[in-house]
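J.: First the structure, then my questions, so here it is.
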Amino acid sequence: MNIFIKLKNLDRRWVFLFVALSVIIPLLFPFALPVVPTKSVANLHKFIENTEALPEGTRCFLSFDFDPASEPELKPSAVAILVHMFRRNLKPICGANWPVGGEMAEVALVEAANAYMSTYDDMKAQGKLAPGCKPIIERGVDYVNLGYKTGAIIHVKALCNDFMYPYPQDRDGNSTAEMAIFANPDGRRFAMSDVGLIISFTAGTGGIETFISMAGEHKRPMAAGCTSVNIPRFTTYLQSGQLVGMTGGLPGAAEYETLIERPGKGCAGMTPQSIAHLVIMLFIIFGNLAYIAEQRNEAKKKG
Amino acid sequence: MTTLLITTWVGALITLCCFTFLIKDNPFYRFAEHLFVGVSAGYYLSTISFHQVLKPNLLAKIWPTYFASGTAAEATPEYILIIPGLLGLLMLFRFSSNLSWVSRFTVAFVMGVSTGIAVVTSAEQYLIPQVKKAIVPLIVSGDYFGSFSNLVLVVGTVACLFYFFFSTEHRGPVFGNVAKVGIWYLMISFGAAFGATVMGRISLLIGRFNFLLSDWLHLIK
C-alpha cells in the first residue's frame, strides 16, 4: 500500500515523460493495430460513394473551420475526404468560417490533389476511379479555395442565396464569376441549393452548427469532421439525423483512410494514440488506488 | 528549398520552446507565446482581414474599377455598402476612453441581427429536432437492444431535465431519486467528454512529435 501512497506524490514531470515516450517510441518503431471504421464514419463514406445522392460532377461545399491548433486532428480527415471526392469526380468548393481556415484548406487541397494525381494510373488500373475522372485536376474547374469570410451564420445565409456575392474572388484574388466550377447549365447564379453535400471540419464554435442552424433554408445534407473534444456534442446531431456522418478526431481520420485504402497520418497516429491511452489509463488506476490507500491510512490513524 | 528549411527549423525550435513549459515557466516559453500572439494579430489583420474580407467584400464593391478583377470590375458601384463600412469604422472609437461609447452602435446592430437569427434558428434546428428524436417507443418488437437503447434515452432525458428543475428541492422519493439518476447520467457524459478531451490532446501531441521526428529530424518517413 505504501508504494501507492508514494506514487501519489510522484512529480508530474514523470507523467509527462511517460506520455511523451508512449508517443515517441511507437512513432519510431511503428507496428500496426487494426482500425475498424465506426458507423458514423462508414455512413459518411457510403454517402460520398452513393452515385444517386452525389452523381459525378456534383459540387460539395467543404468549410474549414479550424486553425493550426487543431490541424493534427482535422487535416488528415480533410485530406482523406478530398482524395475520396476527387476519385469520385466530385468537385470540392472550400470556404472557411475561421480566419486561417482558408490557409488550412489550401494545405489540404494541395496534398489531396497531389495524392490523387500521383496515384491516378494505379487507381484507374484497379477500377477505383469514377468514369469521368481526369489525370490532372485544375483549380477553378475541379476544385476551388474561396478562403475566409466573416459573419458565421450571416455568411452561411448569404451562401444560401448566391455564392458570388460573399465570394466575388477566391482566396488568391481570382474572380469567381468566370470560374467553370460555378457555372450552371441554365445560367442561374450558383447557390447552396446547387451543392450536393456540406461538410464542416469543426474545431469549436462557428463550424457545422452554423450550417445546421441554416438547414431550414439550404435543406442540403450535412456531415462533420470534428475534433475529439466535440465528439460527444455532435453525436446528438447524428442521432437526430441532422448529419449524415461524422469523422471524429484523429481516429475518425484513420477510419476514413482505411475505408478509402489510403493510409495516411491518421492511421500512422493510431498506434501511439492507443499506447498513450493505455499509459494514461494506468496512471488513472494508480492514482485511484493511491487515493484509496491514503483514505484507509487516515481511517486507521483516526480509529 | 531554403525557405522550407528555415520554416521547419523555426517551427521545431518554437515547438521545443513551448515544451519547456512542462518543466516550468521560463523565458523561452514566454518568447514563443508572445511571438505567437504578435504574428497571429498581424497576419489576421493584414493578410486575412484586408485581402480576404475588406478588399473583395467592401472596397471592390464600392470602387470596382480600382479593387475588383475580371467582370466584377465592370459592375455598378454599391454605395449602400458605405453604411456598413462606416459602422465598422465606429468600432475604432473603442481606442478612445472618452468616445468609446460610439462603438456601441455597431455592437448593438450586430447583436440585434445575430439575436434575431439565432432565436428562430435555435428553436427550429436545435430544440425541435432533438425533442422529436427523444420521443421514441419504449418497446420495439423483436429488437431487445433497440428497446433498451430507447429506454436509456428516455430515462436519461427525463432524469436530466428533472435535475435542472430548480423550483422544487431535490428531495423525496420522486424528485430526489429521479434527480440522482440525472446526476449519474451527467457524470457519465462528463466522463465521455473527458475521455474525448484526452484523446484530442494526445492527437495534438502526436502531430507535434510527427513534425519533429519526420519533417525536422527525418527519423521517420
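Quick note on naming: the chains in the C-alpha cells go A, B, ... in the order shown, residues restart at 1 in each chain, and ligands are numbered from 1 in order of appearance.
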Phe211 of chain B: which residues within 12 Å, counting only C-alpha atoms, same-chain residues fewer than 3 positions away excluded, as a ChimeraX atom specification?
T.: /A:24,27,71-72,265,269 /B:7-9,11-13,15-16,204-208,214-221
J.: Which neighbours of Lys180 of chain B fall inside 12 Å, counting only C-alpha atoms, when residues of the same chain fewer than 2 positions from it are skipped, and could you give them as a PDB file with N, CA and C atoms, in the first residue's frame?
T.:
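What ended up in around-v4.pdb:
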ATOM      1  N   VAL B 155     -35.219   7.698 -20.284  1.00  0.00           N
ATOM      2  CA  VAL B 155     -34.947   7.859 -18.849  1.00  0.00           C
ATOM      3  C   VAL B 155     -33.902   8.968 -18.651  1.00  0.00           C
ATOM      4  N   GLY B 156     -32.856   8.954 -19.457  1.00  0.00           N
ATOM      5  CA  GLY B 156     -31.793   9.952 -19.344  1.00  0.00           C
ATOM      6  C   GLY B 156     -32.304  11.358 -19.586  1.00  0.00           C
ATOM      7  N   VAL B 158     -35.421  12.529 -19.334  1.00  0.00           N
ATOM      8  CA  VAL B 158     -36.334  12.954 -18.256  1.00  0.00           C
ATOM      9  C   VAL B 158     -35.548  13.244 -16.971  1.00  0.00           C
ATOM     10  N   ALA B 159     -34.633  12.340 -16.619  1.00  0.00           N
ATOM     11  CA  ALA B 159     -33.888  12.495 -15.366  1.00  0.00           C
ATOM     12  C   ALA B 159     -33.017  13.760 -15.378  1.00  0.00           C
ATOM     13  N   CYS B 160     -32.354  14.025 -16.517  1.00  0.00           N
ATOM     14  CA  CYS B 160     -31.508  15.227 -16.589  1.00  0.00           C
ATOM     15  C   CYS B 160     -32.357  16.493 -16.540  1.00  0.00           C
ATOM     16  N   LEU B 161     -33.519  16.472 -17.181  1.00  0.00           N
ATOM     17  CA  LEU B 161     -34.410  17.640 -17.119  1.00  0.00           C
ATOM     18  C   LEU B 161     -34.882  17.864 -15.689  1.00  0.00           C
ATOM     19  N   PHE B 162     -35.147  16.758 -14.973  1.00  0.00           N
ATOM     20  CA  PHE B 162     -35.546  16.833 -13.565  1.00  0.00           C
ATOM     21  C   PHE B 162     -34.438  17.507 -12.760  1.00  0.00           C
ATOM     22  N   TYR B 163     -33.189  17.102 -13.031  1.00  0.00           N
ATOM     23  CA  TYR B 163     -32.059  17.635 -12.273  1.00  0.00           C
ATOM     24  C   TYR B 163     -31.948  19.149 -12.437  1.00  0.00           C
ATOM     25  N   PHE B 164     -32.261  19.626 -13.660  1.00  0.00           N
ATOM     26  CA  PHE B 164     -32.143  21.071 -13.916  1.00  0.00           C
ATOM     27  C   PHE B 164     -33.432  21.829 -13.619  1.00  0.00           C
ATOM     28  N   HIS B 170     -34.593  19.017  -4.526  1.00  0.00           N
ATOM     29  CA  HIS B 170     -34.370  17.637  -4.995  1.00  0.00           C
ATOM     30  C   HIS B 170     -34.396  16.678  -3.806  1.00  0.00           C
ATOM     31  N   ARG B 171     -35.574  16.482  -3.242  1.00  0.00           N
ATOM     32  CA  ARG B 171     -35.742  15.574  -2.097  1.00  0.00           C
ATOM     33  C   ARG B 171     -36.964  14.696  -2.313  1.00  0.00           C
ATOM     34  N   GLY B 172     -37.076  13.673  -1.491  1.00  0.00           N
ATOM     35  CA  GLY B 172     -38.259  12.809  -1.555  1.00  0.00           C
ATOM     36  C   GLY B 172     -38.076  11.680  -2.535  1.00  0.00           C
ATOM     37  N   PRO B 173     -39.000  10.716  -2.525  1.00  0.00           N
ATOM     38  CA  PRO B 173     -38.830   9.517  -3.354  1.00  0.00           C
ATOM     39  C   PRO B 173     -38.857   9.800  -4.856  1.00  0.00           C
ATOM     40  N   VAL B 174     -39.647  10.786  -5.284  1.00  0.00           N
ATOM     41  CA  VAL B 174     -39.727  11.045  -6.726  1.00  0.00           C
ATOM     42  C   VAL B 174     -38.634  12.036  -7.153  1.00  0.00           C
ATOM     43  N   PHE B 175     -38.727  13.268  -6.693  1.00  0.00           N
ATOM     44  CA  PHE B 175     -37.764  14.302  -7.119  1.00  0.00           C
ATOM     45  C   PHE B 175     -36.328  13.912  -6.769  1.00  0.00           C
ATOM     46  N   GLY B 176     -36.128  13.438  -5.558  1.00  0.00           N
ATOM     47  CA  GLY B 176     -34.781  13.099  -5.092  1.00  0.00           C
ATOM     48  C   GLY B 176     -34.148  11.997  -5.916  1.00  0.00           C
ATOM     49  N   ASN B 177     -34.883  10.889  -6.083  1.00  0.00           N
ATOM     50  CA  ASN B 177     -34.305   9.737  -6.806  1.00  0.00           C
ATOM     51  C   ASN B 177     -34.120  10.006  -8.295  1.00  0.00           C
ATOM     52  N   VAL B 178     -35.124  10.659  -8.897  1.00  0.00           N
ATOM     53  CA  VAL B 178     -35.003  10.926 -10.342  1.00  0.00           C
ATOM     54  C   VAL B 178     -33.840  11.896 -10.590  1.00  0.00           C
ATOM     55  N   GLY B 182     -30.408  11.522 -12.771  1.00  0.00           N
ATOM     56  CA  GLY B 182     -29.921  12.587 -13.671  1.00  0.00           C
ATOM     57  C   GLY B 182     -28.459  12.890 -13.445  1.00  0.00           C
ATOM     58  N   ILE B 183     -28.049  12.928 -12.147  1.00  0.00           N
ATOM     59  CA  ILE B 183     -26.631  13.192 -11.829  1.00  0.00           C
ATOM     60  C   ILE B 183     -25.757  12.092 -12.417  1.00  0.00           C
ATOM     61  N   TRP B 184     -26.209  10.836 -12.306  1.00  0.00           N
ATOM     62  CA  TRP B 184     -25.430   9.709 -12.853  1.00  0.00           C
ATOM     63  C   TRP B 184     -25.241   9.862 -14.370  1.00  0.00           C
ATOM     64  N   TYR B 185     -26.326  10.234 -15.033  1.00  0.00           N
ATOM     65  CA  TYR B 185     -26.234  10.446 -16.487  1.00  0.00           C
ATOM     66  C   TYR B 185     -25.234  11.564 -16.804  1.00  0.00           C
ATOM     67  N   LEU B 186     -25.327  12.645 -16.021  1.00  0.00           N
ATOM     68  CA  LEU B 186     -24.414  13.771 -16.271  1.00  0.00           C
ATOM     69  C   LEU B 186     -22.967  13.359 -16.026  1.00  0.00           C
ATOM     70  N   MET B 187     -22.747  12.576 -14.954  1.00  0.00           N
ATOM     71  CA  MET B 187     -21.383  12.100 -14.637  1.00  0.00           C
ATOM     72  C   MET B 187     -20.825  11.270 -15.793  1.00  0.00           C
TER      73      MET B 187
END
J.: Which polymer residues have any atom within 8 Å of an atom of segment 91-103 of chain A, counting only C-alpha atoms, with same-chain residues fewer than 6 positions away left out, as an MDAnalysis selection string?
T.: (chainID A and resid 57:68 82 85 142:152 171 181 206:207) or (chainID B and resid 44 48:49)
J.: Just the selected residues (C-alpha atoms), exported as an mmCIF file, in the first residue's frame, please.
T.:
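So the final result, stored in selection.cif, reads:
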data_model
loop_
_atom_site.group_PDB
_atom_site.id
_atom_site.type_symbol
_atom_site.label_atom_id
_atom_site.label_comp_id
_atom_site.auth_asym_id
_atom_site.auth_seq_id
_atom_site.Cartn_x
_atom_site.Cartn_y
_atom_site.Cartn_z
ATOM 1 C CA GLY A 57 -19.544 16.336 -61.155
ATOM 2 C CA THR A 58 -21.609 17.269 -58.075
ATOM 3 C CA ARG A 59 -20.184 20.243 -56.257
ATOM 4 C CA CYS A 60 -19.708 19.863 -52.499
ATOM 5 C CA PHE A 61 -19.028 22.660 -50.028
ATOM 6 C CA LEU A 62 -16.254 21.993 -47.515
ATOM 7 C CA SER A 63 -15.889 24.534 -44.734
ATOM 8 C CA PHE A 64 -12.520 24.598 -42.964
ATOM 9 C CA ASP A 65 -13.497 25.909 -39.553
ATOM 10 C CA PHE A 66 -10.261 25.337 -37.667
ATOM 11 C CA ASP A 67 -6.798 26.800 -37.200
ATOM 12 C CA PRO A 68 -3.271 25.343 -36.821
ATOM 13 C CA LEU A 82 -10.872 15.318 -50.509
ATOM 14 C CA MET A 85 -14.095 13.175 -53.649
ATOM 15 C CA ASP A 142 -12.391 20.764 -60.491
ATOM 16 C CA TYR A 143 -11.881 22.464 -57.134
ATOM 17 C CA VAL A 144 -11.576 25.922 -55.642
ATOM 18 C CA ASN A 145 -10.429 27.522 -52.407
ATOM 19 C CA LEU A 146 -12.567 30.543 -51.590
ATOM 20 C CA GLY A 147 -10.829 31.434 -48.334
ATOM 21 C CA TYR A 148 -12.297 33.010 -45.221
ATOM 22 C CA LYS A 149 -15.379 35.144 -44.820
ATOM 23 C CA THR A 150 -16.550 36.795 -41.637
ATOM 24 C CA GLY A 151 -20.143 36.598 -40.376
ATOM 25 C CA ALA A 152 -20.682 32.910 -39.442
ATOM 26 C CA ARG A 171 -8.537 33.138 -51.761
ATOM 27 C CA ILE A 181 -16.859 25.202 -61.303
ATOM 28 C CA GLY A 206 -18.784 28.670 -35.786
ATOM 29 C CA GLY A 207 -18.452 25.336 -37.580
ATOM 30 C CA TYR B 44 -5.088 38.225 -39.270
ATOM 31 C CA ILE B 48 -6.808 37.783 -43.895
ATOM 32 C CA SER B 49 -8.988 40.712 -42.839
#
J.: I'd like the contact shell of Cys18 of chain B - 8 Å cut-off, only C-alpha atoms, skipping same-chain residues fewer than 3 positions apart - returned as a ChimeraX atom specification.
T.: /B:14-15,21,28-29,32-33
J.: Would you mind reading off the distance between atom CA of Ala203 of chain A and atom CA of Leu282 of chain A, one decimal, in Å?
T.: 28.7 Å
J.: Which residue, A:Arg88, A:His277, A:Arg189, A:Arg139, has the smallest gap to chain B when you use only C-alpha atoms?
T.: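 Checking each candidate against chain B, we get A:His277 as the closest.
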J.: At a cut-off of 9 Å, can you tabulate as JSON lines every residue of chain B near chain A together with its closest atom pair and the distance in Å to one decimal, using only C-alpha atoms and ordering rows by chain then number?
T.:
{"residue": "B:Leu22", "atom": "CA", "partner": "A:Arg13", "partner_atom": "CA", "distance": 7.0}
{"residue": "B:Ile23", "atom": "CA", "partner": "A:Arg13", "partner_atom": "CA", "distance": 6.8}
{"residue": "B:Tyr44", "atom": "CA", "partner": "A:Pro99", "partner_atom": "CA", "distance": 6.9}
{"residue": "B:Ile48", "atom": "CA", "partner": "A:Pro99", "partner_atom": "CA", "distance": 6.6}
{"residue": "B:Ser49", "atom": "CA", "partner": "A:Pro99", "partner_atom": "CA", "distance": 8.0}
{"residue": "B:His51", "atom": "CA", "partner": "A:Gly173", "partner_atom": "CA", "distance": 8.0}
{"residue": "B:Gln52", "atom": "CA", "partner": "A:Tyr148", "partner_atom": "CA", "distance": 6.2}
{"residue": "B:Val53", "atom": "CA", "partner": "A:Lys149", "partner_atom": "CA", "distance": 6.0}
{"residue": "B:Pro56", "atom": "CA", "partner": "A:Pro168", "partner_atom": "CA", "distance": 6.4}
{"residue": "B:Asn57", "atom": "CA", "partner": "A:Pro166", "partner_atom": "CA", "distance": 6.5}
{"residue": "B:Ala60", "atom": "CA", "partner": "A:Pro168", "partner_atom": "CA", "distance": 8.8}
{"residue": "B:Ala68", "atom": "CA", "partner": "A:Ser175", "partner_atom": "CA", "distance": 8.0}
{"residue": "B:Ser69", "atom": "CA", "partner": "A:Ser175", "partner_atom": "CA", "distance": 5.8}
{"residue": "B:Gly70", "atom": "CA", "partner": "A:Ser175", "partner_atom": "CA", "distance": 5.5}
{"residue": "B:Thr71", "atom": "CA", "partner": "A:Ala177", "partner_atom": "CA", "distance": 7.2}
{"residue": "B:Ala72", "atom": "CA", "partner": "A:Ser175", "partner_atom": "CA", "distance": 7.2}
{"residue": "B:Val113", "atom": "CA", "partner": "A:Ile154", "partner_atom": "CA", "distance": 8.8}
{"residue": "B:Ser114", "atom": "CA", "partner": "A:Ile154", "partner_atom": "CA", "distance": 8.0}
{"residue": "B:Ile117", "atom": "CA", "partner": "A:Ile153", "partner_atom": "CA", "distance": 8.1}
{"residue": "B:Ala118", "atom": "CA", "partner": "A:Ser213", "partner_atom": "CA", "distance": 7.9}
{"residue": "B:Val120", "atom": "CA", "partner": "A:Ser213", "partner_atom": "CA", "distance": 8.9}
{"residue": "B:Thr121", "atom": "CA", "partner": "A:Ser213", "partner_atom": "CA", "distance": 5.2}
{"residue": "B:Ser122", "atom": "CA", "partner": "A:Ser213", "partner_atom": "CA", "distance": 6.7}
{"residue": "B:Glu124", "atom": "CA", "partner": "A:Gly216", "partner_atom": "CA", "distance": 7.6}
{"residue": "B:Gln125", "atom": "CA", "partner": "A:Ser213", "partner_atom": "CA", "distance": 5.4}
{"residue": "B:Tyr126", "atom": "CA", "partner": "A:Ser213", "partner_atom": "CA", "distance": 7.3}
{"residue": "B:Pro129", "atom": "CA", "partner": "A:Ser240", "partner_atom": "CA", "distance": 6.3}
{"residue": "B:Gln130", "atom": "CA", "partner": "A:Ser240", "partner_atom": "CA", "distance": 6.1}
{"residue": "B:Lys132", "atom": "CA", "partner": "A:Ser240", "partner_atom": "CA", "distance": 8.1}
{"residue": "B:Lys133", "atom": "CA", "partner": "A:Ser240", "partner_atom": "CA", "distance": 5.6}
{"residue": "B:Ala134", "atom": "CA", "partner": "A:Ser240", "partner_atom": "CA", "distance": 8.5}
{"residue": "B:Ser189", "atom": "CA", "partner": "A:Pro232", "partner_atom": "CA", "distance": 7.8}
{"residue": "B:Ala192", "atom": "CA", "partner": "A:Pro232", "partner_atom": "CA", "distance": 7.0}
{"residue": "B:Ala193", "atom": "CA", "partner": "A:Pro232", "partner_atom": "CA", "distance": 6.2}
{"residue": "B:Phe194", "atom": "CA", "partner": "A:Val229", "partner_atom": "CA", "distance": 8.0}
{"residue": "B:Gly195", "atom": "CA", "partner": "A:Val229", "partner_atom": "CA", "distance": 8.4}
{"residue": "B:Ala196", "atom": "CA", "partner": "A:Val229", "partner_atom": "CA", "distance": 5.1}
{"residue": "B:Thr197", "atom": "CA", "partner": "A:Val229", "partner_atom": "CA", "distance": 4.6}
{"residue": "B:Val198", "atom": "CA", "partner": "A:Val229", "partner_atom": "CA", "distance": 8.1}
{"residue": "B:Met199", "atom": "CA", "partner": "A:Ser228", "partner_atom": "CA", "distance": 6.3}
{"residue": "B:Gly200", "atom": "CA", "partner": "A:Ser228", "partner_atom": "CA", "distance": 4.8}
{"residue": "B:Arg201", "atom": "CA", "partner": "A:Ser228", "partner_atom": "CA", "distance": 8.5}
{"residue": "B:Ile202", "atom": "CA", "partner": "A:Gln273", "partner_atom": "CA", "distance": 6.5}
{"residue": "B:Ser203", "atom": "CA", "partner": "A:Glu73", "partner_atom": "CA", "distance": 6.1}
{"residue": "B:Leu204", "atom": "CA", "partner": "A:Pro72", "partner_atom": "CA", "distance": 5.6}
{"residue": "B:Leu205", "atom": "CA", "partner": "A:Val23", "partner_atom": "CA", "distance": 7.9}
{"residue": "B:Ile206", "atom": "CA", "partner": "A:Val23", "partner_atom": "CA", "distance": 6.4}
{"residue": "B:Gly207", "atom": "CA", "partner": "A:Pro72", "partner_atom": "CA", "distance": 4.9}
{"residue": "B:Arg208", "atom": "CA", "partner": "A:Pro72", "partner_atom": "CA", "distance": 7.9}
{"residue": "B:Phe209", "atom": "CA", "partner": "A:Ile24", "partner_atom": "CA", "distance": 6.9}
{"residue": "B:Asn210", "atom": "CA", "partner": "A:Leu27", "partner_atom": "CA", "distance": 7.5}
{"residue": "B:Leu213", "atom": "CA", "partner": "A:Leu28", "partner_atom": "CA", "distance": 8.1}
{"residue": "B:Leu219", "atom": "CA", "partner": "A:Leu28", "partner_atom": "CA", "distance": 7.2}
{"residue": "B:Ile220", "atom": "CA", "partner": "A:Leu28", "partner_atom": "CA", "distance": 6.3}
J.: Could you check how far atom CA of Met117 of chain A sits from atom CA of Arg262 of chain A, in Å to one decimal?
T.: 13.6 Å
